[in-house]
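Below is one structure; the comments refer to it alone.
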Amino acid sequence: MFADLGAALASFGTPALAIVLFTIVVRLALHPLYRAAVRGEKAKAELAPEIQKLQKKYGKDLVRFSEESQKVYKRNGVSMFAGMLPMLATVPFFMVVYQVVTTPNPLLDGTIFGVSLSAHFMSSFAWVFFVLFGLLAVVAYLTVKWQQSRMTAPPQPGFMTGLVKVLPFGTILVAAYLPLAAGLYLLTTTTWTIAERALLYRILS
């Protein structure tokens, strides 16, 4: 199935461009789910001050804090998992795209700037990979800055805070391990993600 899909995409012309366009089409199809996720996240963010008060009030009594938090969410018609379920629904789509850009198929027979889309960084060290890593780093940096701008309270020092700052840069390590085609997909989808979320947070009330 993935080979057939790769062959179909390759037939449209330039394989590298086909990967970018296919990724964009998939992201457009998933856009309604992302709108629902952002609405859920914003609804939870509006209740954050009230949840923080409960956290201070009940301290280490996690059971009571959980019970009271659920009451707040229920009273305001907001699910505790708002923003998560729509995102989980996108997983099957990304699994398909991942298989297309990593499974041998006619799409990977193409090249970009003379470098095969099936090439791996560790076996070629082609300059295209360094450009890709640089662009992924820029997108990761913008993602971290945007996430920080959305915080309602100053970040607390700790492992999780550091992880949030570093995690977006993990795409560089992934791109170094997977074929160039997968790196091109990662660059396209991560760029789309930060642009889409920034826009949705601005326009959705």
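Identifiers in the structure tokens: chain A, B, ... in order shown; residue index from 1 per chain; ligand index from 1 in order shown.
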Do you know which residues are at most 12 Å from Gln99 in chain A counting only C-alpha atoms, after dropping those on the same chain fewer than 2 positions away, and could you put them as JSON, numbers by chain? {"A": [1, 2, 3, 4, 5, 6, 92, 93, 94, 95, 96, 97, 101, 102, 103, 104, 105, 107, 108, 178, 179, 181, 182, 185]}
Could those residues be written to a file, using N, CA, C and O atoms, as an mmCIF file, in the first residue's frame?
data_model
loop_
_atom_site.group_PDB
_atom_site.id
_atom_site.type_symbol
_atom_site.label_atom_id
_atom_site.label_comp_id
_atom_site.auth_asym_id
_atom_site.auth_seq_id
_atom_site.Cartn_x
_atom_site.Cartn_y
_atom_site.Cartn_z
ATOM 1 N N MET A 1 0.825 -1.214 0.000
ATOM 2 C CA MET A 1 0.000 0.000 0.000
ATOM 3 C C MET A 1 0.855 1.259 0.000
ATOM 4 O O MET A 1 0.615 2.191 -0.759
ATOM 5 N N PHE A 2 1.885 1.277 0.854
ATOM 6 C CA PHE A 2 2.729 2.465 0.942
ATOM 7 C C PHE A 2 3.550 2.656 -0.330
ATOM 8 O O PHE A 2 3.788 3.780 -0.762
ATOM 9 N N ALA A 3 3.967 1.529 -0.926
ATOM 10 C CA ALA A 3 4.710 1.617 -2.186
ATOM 11 C C ALA A 3 3.823 2.180 -3.286
ATOM 12 O O ALA A 3 4.269 2.991 -4.100
ATOM 13 N N ASP A 4 2.562 1.763 -3.296
ATOM 14 C CA ASP A 4 1.625 2.269 -4.303
ATOM 15 C C ASP A 4 1.366 3.762 -4.109
ATOM 16 O O ASP A 4 1.307 4.520 -5.083
ATOM 17 N N LEU A 5 1.229 4.165 -2.859
ATOM 18 C CA LEU A 5 0.999 5.581 -2.580
ATOM 19 C C LEU A 5 2.230 6.396 -2.960
ATOM 20 O O LEU A 5 2.116 7.485 -3.540
ATOM 21 N N GLY A 6 3.410 5.871 -2.651
ATOM 22 C CA GLY A 6 4.646 6.548 -3.024
ATOM 23 C C GLY A 6 4.769 6.671 -4.525
ATOM 24 O O GLY A 6 5.186 7.718 -5.046
ATOM 25 N N PRO A 92 -3.032 8.215 13.372
ATOM 26 C CA PRO A 92 -3.040 7.300 12.223
ATOM 27 C C PRO A 92 -2.602 7.968 10.923
ATOM 28 O O PRO A 92 -1.914 7.339 10.101
ATOM 29 N N PHE A 93 -2.985 9.229 10.730
ATOM 30 C CA PHE A 93 -2.610 9.934 9.510
ATOM 31 C C PHE A 93 -1.092 10.119 9.438
ATOM 32 O O PHE A 93 -0.480 9.941 8.378
ATOM 33 N N PHE A 94 -0.489 10.481 10.550
ATOM 34 C CA PHE A 94 0.954 10.691 10.566
ATOM 35 C C PHE A 94 1.717 9.381 10.414
ATOM 36 O O PHE A 94 2.832 9.359 9.873
ATOM 37 N N MET A 95 1.126 8.278 10.869
ATOM 38 C CA MET A 95 1.757 6.981 10.686
ATOM 39 C C MET A 95 1.830 6.626 9.205
ATOM 40 O O MET A 95 2.816 6.058 8.731
ATOM 41 N N VAL A 96 0.770 6.982 8.461
ATOM 42 C CA VAL A 96 0.753 6.725 7.018
ATOM 43 C C VAL A 96 1.831 7.542 6.321
ATOM 44 O O VAL A 96 2.605 7.019 5.508
ATOM 45 N N VAL A 97 1.899 8.845 6.655
ATOM 46 C CA VAL A 97 2.907 9.708 6.035
ATOM 47 C C VAL A 97 4.308 9.210 6.369
ATOM 48 O O VAL A 97 5.197 9.175 5.502
ATOM 49 N N VAL A 101 7.383 8.011 3.656
ATOM 50 C CA VAL A 101 8.699 8.653 3.497
ATOM 51 C C VAL A 101 9.847 7.824 4.073
ATOM 52 O O VAL A 101 10.992 8.266 4.047
ATOM 53 N N THR A 102 9.550 6.636 4.579
ATOM 54 C CA THR A 102 10.629 5.785 5.103
ATOM 55 C C THR A 102 10.655 4.405 4.461
ATOM 56 O O THR A 102 11.696 3.745 4.491
ATOM 57 N N THR A 103 9.539 3.956 3.894
ATOM 58 C CA THR A 103 9.479 2.646 3.247
ATOM 59 C C THR A 103 9.949 2.758 1.802
ATOM 60 O O THR A 103 9.520 3.670 1.089
ATOM 61 N N PRO A 104 10.845 1.875 1.354
ATOM 62 C CA PRO A 104 11.312 1.930 -0.045
ATOM 63 C C PRO A 104 10.157 1.964 -1.035
ATOM 64 O O PRO A 104 9.285 1.093 -1.011
ATOM 65 N N ASN A 105 10.124 2.975 -1.876
ATOM 66 C CA ASN A 105 9.086 3.120 -2.890
ATOM 67 C C ASN A 105 9.592 4.108 -3.942
ATOM 68 O O ASN A 105 10.612 4.777 -3.721
ATOM 69 N N LEU A 107 8.892 6.984 -4.731
ATOM 70 C CA LEU A 107 9.038 8.368 -4.286
ATOM 71 C C LEU A 107 10.455 8.631 -3.779
ATOM 72 O O LEU A 107 11.018 9.719 -3.982
ATOM 73 N N LEU A 108 11.046 7.637 -3.138
ATOM 74 C CA LEU A 108 12.382 7.792 -2.574
ATOM 75 C C LEU A 108 13.486 7.668 -3.620
ATOM 76 O O LEU A 108 14.669 7.835 -3.301
ATOM 77 N N LEU A 178 16.772 9.253 10.013
ATOM 78 C CA LEU A 178 15.861 8.796 8.960
ATOM 79 C C LEU A 178 16.320 9.254 7.576
ATOM 80 O O LEU A 178 17.212 10.099 7.461
ATOM 81 N N PRO A 179 15.703 8.728 6.518
ATOM 82 C CA PRO A 179 16.051 9.172 5.161
ATOM 83 C C PRO A 179 15.776 10.661 4.969
ATOM 84 O O PRO A 179 14.989 11.267 5.697
ATOM 85 N N ALA A 181 14.054 12.089 2.816
ATOM 86 C CA ALA A 181 12.631 12.315 2.545
ATOM 87 C C ALA A 181 11.863 12.569 3.835
ATOM 88 O O ALA A 181 10.994 13.444 3.902
ATOM 89 N N ALA A 182 12.194 11.794 4.873
ATOM 90 C CA ALA A 182 11.530 11.966 6.167
ATOM 91 C C ALA A 182 11.906 13.302 6.787
ATOM 92 O O ALA A 182 11.080 13.962 7.422
ATOM 93 N N TYR A 185 9.847 15.907 5.201
ATOM 94 C CA TYR A 185 8.509 15.850 5.792
ATOM 95 C C TYR A 185 8.488 16.522 7.164
ATOM 96 O O TYR A 185 7.579 17.312 7.464
#
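If you measure from each of A:Arg150, A:Phe133, A:Thr90, A:Leu173 to Leu28 in chain A using only C-alpha atoms, the closest one turns out to be A:Thr90.
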Apply DSSP to the backbone of this structure and, from range 52-195 of chain A, keep only the residues in strand (DSSP E or B); write these as JSON, numbers by chain. {"A": [111, 112, 115, 116]}
Which of range 19-195 of chain A fall in alpha helix (DSSP H), as a ChimeraX atom specification: /A:19-58,62-75,85-88,91-102,121-124,127-149,159-166,170-177,180-195
Contacts of Phe130 in chain A within 10 Å, only C-alpha atoms, excl. fewer than 4 positions in-chain, as a PyMOL selection string: chain A and resi 121+125-126+134-136+172+176
For range 61-77 of chain A, find every residue with an atom within 10 Å (counting only C-alpha atoms), except residues of its own chain fewer than 2 positions away, and show them as an MDAnalysis selection string. chainID A and resid 43:44 47 50:52 54:59 79:82
Work out how far apart CA of Ser11 in chain A and CA of Pro106 in chain A are and give it in Å to one decimal. 8.8 Å
May I ask which of the residues A:Leu180, A:Val174, A:Val138, A:Leu187 is the closest one to Ser124 in chain A, counting only C-alpha atoms?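 Result for the nearest residue to Ser124 in chain A: A:Leu180.
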Residue nearest Thr189 in chain A - candidates A:Val139, A:Val115, A:Ala37, A:Val166, atoms counted: only C-alpha atoms: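 Ranked by minimum distance to Thr189 in chain A, first place goes to A:Val139.
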